[in-house]
file input_1.txt (compact mmCIF, C-alpha atoms and all ligand atoms)
# COMPACT_ATOMS: atom_id res chain seq x y z
CA MET A 1 23.43 54.43 26.00
CA ALA A 2 27.00 55.74 26.09
CA LYS A 3 27.73 59.07 24.41
CA TYR A 4 30.65 57.71 22.38
CA GLN A 5 31.12 54.44 20.51
CA LEU A 6 34.44 52.87 19.62
CA ASN A 7 34.84 49.85 17.34
CA LEU A 8 37.68 47.55 18.29
CA ALA A 9 39.19 44.94 15.96
CA HIS A 10 40.56 41.96 17.85
CA LEU A 11 43.04 40.71 15.26
CA TYR A 12 43.17 36.91 15.13
CA GLY A 13 41.59 36.87 18.59
CA ASN A 14 40.66 33.19 18.17
CA LEU A 15 44.30 32.20 17.53
CA LEU A 16 46.54 34.69 19.30
CA ASN A 17 45.17 34.79 22.82
CA THR A 18 47.79 33.51 25.26
CA TYR A 19 48.04 34.48 28.91
CA SER A 20 44.68 36.23 28.98
CA ASP A 21 45.55 38.93 26.46
CA VAL A 22 41.78 39.24 26.03
CA GLY A 23 41.84 40.86 29.49
CA ASN A 24 43.09 43.95 27.69
CA ILE A 25 39.63 44.36 26.23
CA ILE A 26 38.09 44.03 29.68
CA ALA A 27 40.45 46.73 30.93
CA LEU A 28 39.59 48.99 27.99
CA ARG A 29 35.89 48.55 28.78
CA TYR A 30 36.52 49.37 32.46
CA TYR A 31 38.08 52.72 31.57
CA ALA A 32 35.76 53.34 28.64
CA ILE A 33 32.71 53.32 30.95
CA ARG A 34 34.34 56.16 32.87
CA MET A 35 34.77 57.98 29.57
CA ASP A 36 31.07 57.59 28.69
CA THR A 37 32.18 55.28 25.89
CA ALA A 38 31.01 51.88 24.67
CA ILE A 39 33.37 49.45 22.97
CA ASN A 40 32.10 47.09 20.27
CA THR A 41 34.51 44.25 19.61
CA THR A 42 34.85 42.18 16.43
CA VAL A 43 37.30 39.33 15.96
CA ILE A 44 38.99 39.65 12.57
CA SER A 45 40.70 36.39 11.71
CA ILE A 46 41.84 34.14 8.86
CA GLY A 47 40.01 34.97 5.64
CA ASP A 48 38.09 37.92 7.13
CA GLN A 49 38.20 41.32 5.50
CA PHE A 50 39.71 44.06 7.65
CA ASN A 51 38.30 47.45 6.72
CA PRO A 52 40.44 50.03 8.52
CA ASP A 53 37.77 52.72 8.23
CA GLU A 54 35.31 50.64 10.27
CA PHE A 55 37.58 50.44 13.32
CA ASP A 56 38.88 52.95 15.85
CA LEU A 57 41.34 50.78 17.74
CA ALA A 58 42.80 47.29 17.53
CA LEU A 59 44.37 44.56 19.64
CA PHE A 60 46.86 42.04 18.24
CA GLY A 61 47.67 39.48 20.95
CA GLY A 62 50.36 36.93 21.62
CA GLY A 63 50.49 33.25 20.78
CA GLN A 64 52.46 30.09 20.32
CA ASP A 65 54.85 29.78 17.39
CA TYR A 66 52.48 27.39 15.58
CA GLU A 67 49.56 29.86 15.66
CA GLN A 68 51.90 32.66 14.64
CA TYR A 69 52.92 30.60 11.62
CA VAL A 70 49.25 30.04 10.68
CA VAL A 71 48.51 33.76 11.06
CA SER A 72 51.59 34.74 9.03
CA LYS A 73 50.03 33.06 5.97
CA ASP A 74 46.99 35.33 6.15
CA LEU A 75 48.77 38.57 7.03
CA PRO A 76 49.68 39.67 3.47
CA ASN A 77 45.91 39.92 2.73
CA LYS A 78 45.55 42.51 5.48
CA LYS A 79 48.82 44.38 5.05
CA ALA A 80 47.50 47.35 3.06
CA ALA A 81 44.54 47.78 5.42
CA LEU A 82 46.71 47.59 8.53
CA SER A 83 49.16 50.02 7.01
CA LYS A 84 46.34 52.52 6.45
CA PHE A 85 45.04 51.98 9.99
CA ILE A 86 48.48 52.69 11.45
CA ASN A 87 49.20 55.65 9.19
CA ASP A 88 45.84 57.18 10.09
CA GLY A 89 47.17 57.36 13.67
CA LYS A 90 44.73 54.84 15.05
CA PRO A 91 45.76 53.06 18.24
CA LEU A 92 46.89 49.47 17.98
CA LEU A 93 48.07 47.45 20.96
CA ALA A 94 50.32 44.56 19.97
CA ILE A 95 51.48 42.01 22.51
CA CYS A 96 54.31 39.52 22.19
CA GLY A 97 53.49 37.37 19.11
CA GLY A 98 51.42 40.22 17.60
CA TYR A 99 54.28 42.62 18.26
CA GLN A 100 56.72 40.25 16.54
CA LEU A 101 54.42 39.87 13.51
CA LEU A 102 54.21 43.63 12.94
CA GLY A 103 57.95 43.59 12.31
CA HIS A 104 59.97 42.02 9.51
CA PHE A 105 60.22 38.44 10.81
CA TYR A 106 60.38 36.16 13.82
CA ILE A 107 62.70 33.15 14.01
CA GLY A 108 60.70 30.54 15.91
CA ALA A 109 62.10 28.28 18.63
CA ASP A 110 62.64 25.57 15.97
CA GLY A 111 64.72 27.95 13.83
CA LYS A 112 61.98 28.42 11.21
CA LYS A 113 61.59 31.96 9.91
CA ILE A 114 58.06 33.30 10.28
CA PRO A 115 57.57 36.34 8.05
CA GLY A 116 55.94 39.42 9.56
CA LEU A 117 54.19 42.40 8.02
CA GLY A 118 57.23 44.67 8.00
CA LEU A 119 55.02 47.63 8.90
CA LEU A 120 57.31 48.39 11.84
CA ASP A 121 61.07 48.20 11.42
CA HIS A 122 61.97 45.63 14.10
CA TYR A 123 62.94 41.99 13.71
CA THR A 124 62.99 39.09 16.17
CA LEU A 125 65.60 36.39 16.59
CA SER A 126 65.38 33.17 18.53
CA GLN A 127 67.34 31.92 21.54
CA ASP A 128 68.52 28.34 22.09
CA ASN A 129 66.51 26.32 24.60
CA HIS A 130 65.70 29.36 26.67
CA ARG A 131 62.83 31.76 27.23
CA PHE A 132 62.61 35.07 29.04
CA ILE A 133 60.08 34.35 31.77
CA GLY A 134 59.26 36.44 34.82
CA ASN A 135 58.10 39.70 36.28
CA ILE A 136 59.28 42.84 34.57
CA THR A 137 59.25 46.55 35.41
CA ILE A 138 60.11 49.31 32.97
CA LYS A 139 60.07 53.08 32.92
CA ASP A 140 58.92 55.23 30.01
CA GLU A 141 61.63 57.86 29.98
CA LYS A 142 59.44 60.37 28.14
CA THR A 143 56.44 60.34 30.48
CA GLY A 144 58.16 59.01 33.62
CA ASN A 145 55.46 56.31 33.89
CA GLU A 146 56.49 52.95 35.34
CA TYR A 147 54.87 49.83 33.92
CA HIS A 148 54.64 46.34 35.41
CA GLY A 149 54.03 43.02 33.71
CA PHE A 150 54.97 39.40 33.19
CA GLU A 151 57.05 38.38 30.19
CA ASN A 152 57.23 34.93 28.61
CA HIS A 153 58.92 34.81 25.23
CA ASN A 154 61.53 33.04 23.22
CA GLY A 155 61.95 35.89 20.74
CA ARG A 156 64.62 38.57 21.06
CA THR A 157 63.43 41.73 19.33
CA PHE A 158 65.62 44.51 18.01
CA LEU A 159 64.04 47.88 17.23
CA GLY A 160 64.48 49.78 13.98
CA LYS A 161 63.81 53.13 12.38
CA GLY A 162 61.07 55.33 13.80
CA GLU A 163 60.48 53.18 16.86
CA ARG A 164 61.16 54.13 20.45
CA PRO A 165 60.93 51.65 23.32
CA LEU A 166 57.84 51.58 25.51
CA GLY A 167 60.27 51.77 28.39
CA LYS A 168 63.71 51.16 29.77
CA VAL A 169 64.07 47.88 31.67
CA ILE A 170 64.40 48.28 35.43
CA THR A 171 64.03 44.58 36.26
CA GLY A 172 63.54 41.73 33.77
CA ASN A 173 64.74 41.10 30.23
CA GLY A 174 62.60 43.15 27.86
CA ASN A 175 63.03 43.10 24.10
CA ASN A 176 66.23 41.09 23.90
CA GLY A 177 68.00 40.92 27.28
CA GLU A 178 70.84 43.05 25.89
CA ASP A 179 70.00 46.63 25.15
CA GLY A 180 67.75 47.49 28.11
CA THR A 181 64.70 48.27 25.98
CA GLU A 182 61.17 46.88 26.27
CA GLY A 183 58.42 47.15 23.71
CA ALA A 184 58.02 49.74 21.01
CA ILE A 185 56.02 52.82 20.19
CA TYR A 186 55.52 53.83 16.57
CA LYS A 187 52.87 56.45 15.77
CA GLU A 188 49.96 55.17 17.94
CA VAL A 189 51.08 51.54 17.83
CA TYR A 190 52.00 50.34 21.31
CA CYS A 191 53.96 47.09 21.39
CA SER A 192 55.05 45.10 24.41
CA TYR A 193 56.06 41.69 25.69
CA PHE A 194 53.92 42.27 28.78
CA HIS A 195 51.23 39.81 29.53
CA GLY A 196 49.38 40.21 32.72
CA PRO A 197 47.40 41.52 30.77
CA ILE A 198 49.28 44.78 30.27
CA LEU A 199 46.27 47.10 30.44
CA THR A 200 44.81 45.73 33.68
CA ARG A 201 48.06 46.54 35.45
CA ASN A 202 48.93 49.70 33.57
CA GLY A 203 45.79 51.76 33.25
CA GLU A 204 47.59 54.82 31.93
CA ILE A 205 48.26 53.01 28.66
CA ALA A 206 44.60 51.95 28.42
CA LYS A 207 43.42 55.51 29.01
CA HIS A 208 45.88 56.89 26.47
CA LEU A 209 44.72 54.45 23.78
CA LEU A 210 41.06 55.25 24.44
CA LEU A 211 41.60 58.99 24.47
CA THR A 212 43.53 58.81 21.20
CA ALA A 213 40.75 56.80 19.58
CA LEU A 214 38.10 59.24 20.85
CA HIS A 215 40.11 62.24 19.71
CA ASN A 216 40.48 60.72 16.21
CA LYS A 217 36.82 59.80 15.88
CA TYR A 218 35.24 62.85 17.53
CA PRO A 219 37.68 65.69 16.75
CA ALA A 220 35.16 68.38 17.71
CA ALA A 221 34.10 66.82 21.03
CA ASP A 222 35.04 68.34 24.37
CA LEU A 223 37.03 65.48 25.89
CA SER A 224 38.26 67.36 28.94
CA THR A 225 36.45 65.00 31.36
CA GLN A 226 37.98 62.01 29.60
CA ARG A 227 41.41 63.65 29.52
CA SER A 228 41.27 64.44 33.23
CA LEU A 229 41.25 60.70 34.00
CA LEU A 230 44.86 60.48 32.90
CA ILE A 231 47.38 61.07 35.65
CA LYS A 232 49.80 62.72 33.22
CA PRO A 233 47.93 63.78 30.08
CA THR A 234 50.03 62.94 27.04
CA PHE A 235 48.10 65.33 24.80
N1 LIG B 1 55.84 32.53 20.33
C1 LIG B 1 56.47 33.76 20.61
C2 LIG B 1 57.71 33.63 21.49
O1 LIG B 1 57.86 32.63 22.13
C3 LIG B 1 55.48 34.71 21.26
C4 LIG B 1 55.06 34.26 22.63
C5 LIG B 1 53.91 35.01 23.19
O2 LIG B 1 53.15 35.63 22.46
N2 LIG B 1 53.75 34.92 24.47
O3 LIG B 1 58.52 34.52 21.55

call {"tool": "encode", "arguments": {"input": "input_1.txt", "output": "structure tokens", "more": "lines below"}}
Ligand code: GLN
result
Amino acid sequence: MAKYQLNLAHLYGNLLNTYSDVGNIIALRYYAIRMDTAINTTVISIGDQFNPDEFDLALFGGGQDYEQYVVSKDLPNKKAALSKFINDGKPLLAICGGYQLLGHFYIGADGKKIPGLGLLDHYTLSQDNHRFIGNITIKDEKTGNEYHGFENHNGRTFLGKGERPLGKVITGNGNNGEDGTEGAIYKEVYCSYFHGPILTRNGEIAKHLLLTALHNKYPAADLSTQRSLLIKPTF
């Protein structure tokens, strides 16, 4: 039995699951084993209650516009709980469609406005008959880490107050193809357009999310072994 237990909420995991985003959970488990930690996953979907105090970390994956529209109808029921989760500094990884839905709105490829939670201050516009598809490399200017992934999105996201990009685009399009940013970080919410899945190719992010969740849940524990697994400890 592992020394530590983390409960992960896979938000709308049965609907928002494109391009193997579920692989992020496999990557988290891979690193968690090295941190003497077990991860228990629960899919929280349409009509389910989300109790923020029961969970230590969360994944909100990407999806097609139709599924995003379906999810957007249920989101208001979970807004207060998600807000608490985020404000408690719990780690949430949001990919592509999930990233868009944390912001104010997403204009789908058909021009229809899909409302988001507005918990983060970004918004996402559409582009005509075009998608950003291909390999992408970015650099987090704060940590110096380089991240690699594969983007495939119609949406063009513009960041708002309190958000900083996950990285600066080196090759690829990123958030909107204009301002050289990719993804967003707000408190312990990590957002990105990277599929791949992001955590299998960028283990430093996985380790950071796990360490943050462990630190929150076990504030008195000596996590130096866990911390030493990070190449550049961020705290
Ligand atoms: N449907 C959204 C878009 O096309 C999100 C896509 C995704 O999650 N891969 O921008």

call {"tool": "closest_residue", "arguments": {"input": "input_1.txt", "among": "A:Thr18, A:Asn24, A:Ser228, A:Asn145", "to": "ligand LIG 1 (chain B)", "atoms": "only C-alpha atoms and all ligand atoms"}}
result
A:Thr18

call {"tool": "residues_near_ligand", "arguments": {"input": "input_1.txt", "ligand": "ligand LIG 1 (chain B)", "cutoff": "10 Å", "atoms": "only C-alpha atoms and all ligand atoms", "output": "number ranges by chain"}}
result
A: 16-19, 21, 60-69, 94-101, 106-109, 124-127, 130-133, 150-157, 192-195

call {"tool": "closest_residue", "arguments": {"input": "input_1.txt", "among": "A:Ile33, A:Leu93, A:Ala27, A:Ile170", "to": "His10 (chain A)", "atoms": "all atoms listed in the file"}}
result
A:Leu93

call {"tool": "atom_distance", "arguments": {"input": "input_1.txt", "atom1": "CA of Thr225 (chain A)", "atom2": "CA of Glu146 (chain A)"}}
result
23.7 Å

call {"tool": "atom_distance", "arguments": {"input": "input_1.txt", "atom1": "CA of Leu210 (chain A)", "atom2": "CA of Val43 (chain A)"}}
result
18.4 Å

call {"tool": "atom_distance", "arguments": {"input": "input_1.txt", "atom1": "CA of Ile86 (chain A)", "atom2": "CA of Asn51 (chain A)"}}
result
12.4 Å

call {"tool": "residues_around", "arguments": {"input": "input_1.txt", "residues": "Tyr4 (chain A)", "least_positions_apart": "2", "cutoff": "9 Å", "atoms": "all atoms listed in the file", "output": "list in words"}}
result
Met1, Ala2, Leu6, Met35, Asp36, Thr37, Ala38, Ile39, Leu214 and Tyr218 of chain A

call {"tool": "closest_residue", "arguments": {"input": "input_1.txt", "among": "A:His148, A:Lys161, A:Lys84, A:Lys139", "to": "Gly180 (chain A)", "atoms": "only C-alpha atoms"}}
result
A:Lys139

call {"tool": "residues_around", "arguments": {"input": "input_1.txt", "residues": "Ile231 (chain A)", "least_positions_apart": "6", "cutoff": "12 Å", "atoms": "all atoms listed in the file", "output": "list of chain:residue names"}}
result
A:Thr143, A:Gly144, A:Asn145, A:Asn202, A:Gly203, A:Glu204, A:Ile205, A:Ala206, A:Lys207, A:His208

call {"tool": "closest_residue", "arguments": {"input": "input_1.txt", "among": "A:Gly160, A:Glu141, A:Val189, A:Leu15", "to": "Leu82 (chain A)", "atoms": "all atoms listed in the file"}}
result
A:Val189

call {"tool": "closest_residue", "arguments": {"input": "input_1.txt", "among": "A:Arg29, A:Lys79, A:Lys73, A:Lys142", "to": "Ile114 (chain A)", "atoms": "only C-alpha atoms"}}
result
A:Lys73

call {"tool": "closest_residue", "arguments": {"input": "input_1.txt", "among": "A:Ile138, A:Ala213, A:Asp222, A:Leu102", "to": "Thr181 (chain A)", "atoms": "all atoms listed in the file"}}
result
A:Ile138

call {"tool": "decode", "arguments": {"input": "input_1.txt", "residues": "region 148-162 of chain A", "atoms": "all heavy atoms", "output": "tab-separated table (two decimals), in the first residue's frame"}}
result
chain	number	residue	atom	x	y	z
A	148	HIS	N	6.89	20.00	-25.15
A	148	HIS	CA	6.60	19.54	-26.51
A	148	HIS	C	5.21	18.91	-26.55
A	148	HIS	O	4.81	18.21	-25.63
A	148	HIS	CB	7.63	18.50	-26.95
A	148	HIS	CG	9.03	19.02	-26.86
A	148	HIS	ND1	9.64	19.69	-27.88
A	148	HIS	CD2	9.92	18.99	-25.83
A	148	HIS	CE1	10.85	20.07	-27.49
A	148	HIS	NE2	11.04	19.65	-26.26
A	149	GLY	N	4.50	19.14	-27.65
A	149	GLY	CA	3.17	18.55	-27.77
A	149	GLY	C	2.66	18.59	-29.20
A	149	GLY	O	3.40	18.91	-30.13
A	150	PHE	N	1.38	18.26	-29.32
A	150	PHE	CA	0.70	18.28	-30.62
A	150	PHE	C	-0.60	19.04	-30.43
A	150	PHE	O	-1.41	18.68	-29.57
A	150	PHE	CB	0.43	16.84	-31.09
A	150	PHE	CG	-0.10	16.78	-32.48
A	150	PHE	CD1	0.75	16.75	-33.58
A	150	PHE	CD2	-1.47	16.80	-32.72
A	150	PHE	CE1	0.25	16.72	-34.88
A	150	PHE	CE2	-1.97	16.77	-34.01
A	150	PHE	CZ	-1.11	16.72	-35.09
A	151	GLU	N	-0.78	20.09	-31.20
A	151	GLU	CA	-2.00	20.90	-31.05
A	151	GLU	C	-2.97	20.60	-32.19
A	151	GLU	O	-2.54	20.30	-33.31
A	151	GLU	CB	-1.66	22.40	-30.99
A	151	GLU	CG	-0.92	22.93	-32.19
A	151	GLU	CD	-0.58	24.41	-32.09
A	151	GLU	OE1	-1.29	25.16	-31.39
A	151	GLU	OE2	0.39	24.84	-32.74
A	152	ASN	N	-4.25	20.67	-31.87
A	152	ASN	CA	-5.30	20.48	-32.88
A	152	ASN	C	-6.55	21.20	-32.39
A	152	ASN	O	-7.34	20.66	-31.65
A	152	ASN	CB	-5.58	18.98	-33.07
A	152	ASN	CG	-6.57	18.74	-34.19
A	152	ASN	OD1	-7.22	19.68	-34.68
A	152	ASN	ND2	-6.71	17.50	-34.61
A	153	HIS	N	-6.66	22.47	-32.80
A	153	HIS	CA	-7.81	23.25	-32.30
A	153	HIS	C	-8.24	24.31	-33.29
A	153	HIS	O	-7.43	24.87	-34.02
A	153	HIS	CB	-7.47	23.90	-30.95
A	153	HIS	CG	-6.21	24.73	-30.91
A	153	HIS	ND1	-6.22	26.08	-30.77
A	153	HIS	CD2	-4.91	24.38	-30.98
A	153	HIS	CE1	-4.98	26.55	-30.74
A	153	HIS	NE2	-4.15	25.53	-30.87
A	154	ASN	N	-9.54	24.55	-33.24
A	154	ASN	CA	-10.12	25.64	-34.00
A	154	ASN	C	-10.00	26.94	-33.20
A	154	ASN	O	-9.68	27.99	-33.75
A	154	ASN	CB	-11.60	25.33	-34.27
A	154	ASN	CG	-12.36	26.56	-34.72
A	154	ASN	OD1	-12.09	27.12	-35.75
A	154	ASN	ND2	-13.30	26.99	-33.90
A	155	GLY	N	-10.21	26.84	-31.90
A	155	GLY	CA	-10.30	28.02	-31.04
A	155	GLY	C	-9.01	28.83	-31.01
A	155	GLY	O	-7.91	28.30	-31.10
A	156	ARG	N	-9.20	30.16	-30.87
A	156	ARG	CA	-8.08	31.08	-30.67
A	156	ARG	C	-8.32	31.78	-29.34
A	156	ARG	O	-9.26	32.56	-29.19
A	156	ARG	CB	-8.02	32.12	-31.79
A	156	ARG	CG	-7.70	31.50	-33.15
A	156	ARG	CD	-7.58	32.56	-34.23
A	156	ARG	NE	-8.83	33.28	-34.42
A	156	ARG	CZ	-8.97	34.61	-34.35
A	156	ARG	NH1	-7.94	35.38	-34.08
A	156	ARG	NH2	-10.14	35.17	-34.55
A	157	THR	N	-7.48	31.45	-28.37
A	157	THR	CA	-7.69	31.90	-26.99
A	157	THR	C	-6.83	33.12	-26.67
A	157	THR	O	-5.66	33.18	-27.03
A	157	THR	CB	-7.36	30.74	-26.03
A	157	THR	OG1	-8.27	29.67	-26.29
A	157	THR	CG2	-7.49	31.16	-24.57
A	158	PHE	N	-7.46	34.05	-25.96
A	158	PHE	CA	-6.76	35.27	-25.54
A	158	PHE	C	-6.82	35.36	-24.01
A	158	PHE	O	-7.90	35.30	-23.42
A	158	PHE	CB	-7.42	36.50	-26.19
A	158	PHE	CG	-7.26	36.47	-27.69
A	158	PHE	CD1	-8.18	35.78	-28.48
A	158	PHE	CD2	-6.16	37.05	-28.30
A	158	PHE	CE1	-8.03	35.70	-29.87
A	158	PHE	CE2	-6.00	36.98	-29.69
A	158	PHE	CZ	-6.92	36.31	-30.48
A	159	LEU	N	-5.65	35.49	-23.41
A	159	LEU	CA	-5.55	35.44	-21.94
A	159	LEU	C	-6.02	36.75	-21.31
A	159	LEU	O	-5.97	37.81	-21.95
A	159	LEU	CB	-4.11	35.16	-21.52
A	159	LEU	CG	-3.52	33.84	-22.01
A	159	LEU	CD1	-2.13	33.62	-21.42
A	159	LEU	CD2	-4.43	32.66	-21.66
A	160	GLY	N	-6.43	36.65	-20.05
A	160	GLY	CA	-6.90	37.82	-19.32
A	160	GLY	C	-6.15	38.01	-18.02
A	160	GLY	O	-5.04	37.51	-17.83
A	161	LYS	N	-6.84	38.70	-17.10
A	161	LYS	CA	-6.23	39.09	-15.83
A	161	LYS	C	-5.78	37.89	-14.99
A	161	LYS	O	-6.50	36.91	-14.87
A	161	LYS	CB	-7.25	39.87	-15.01
A	161	LYS	CG	-7.16	41.36	-15.17
A	161	LYS	CD	-7.62	42.15	-13.93
A	161	LYS	CE	-8.90	41.72	-13.28
A	161	LYS	NZ	-10.12	42.28	-13.84
A	162	GLY	N	-4.61	37.99	-14.42
A	162	GLY	CA	-4.14	36.98	-13.47
A	162	GLY	C	-3.59	35.73	-14.11
A	162	GLY	O	-3.12	34.84	-13.41
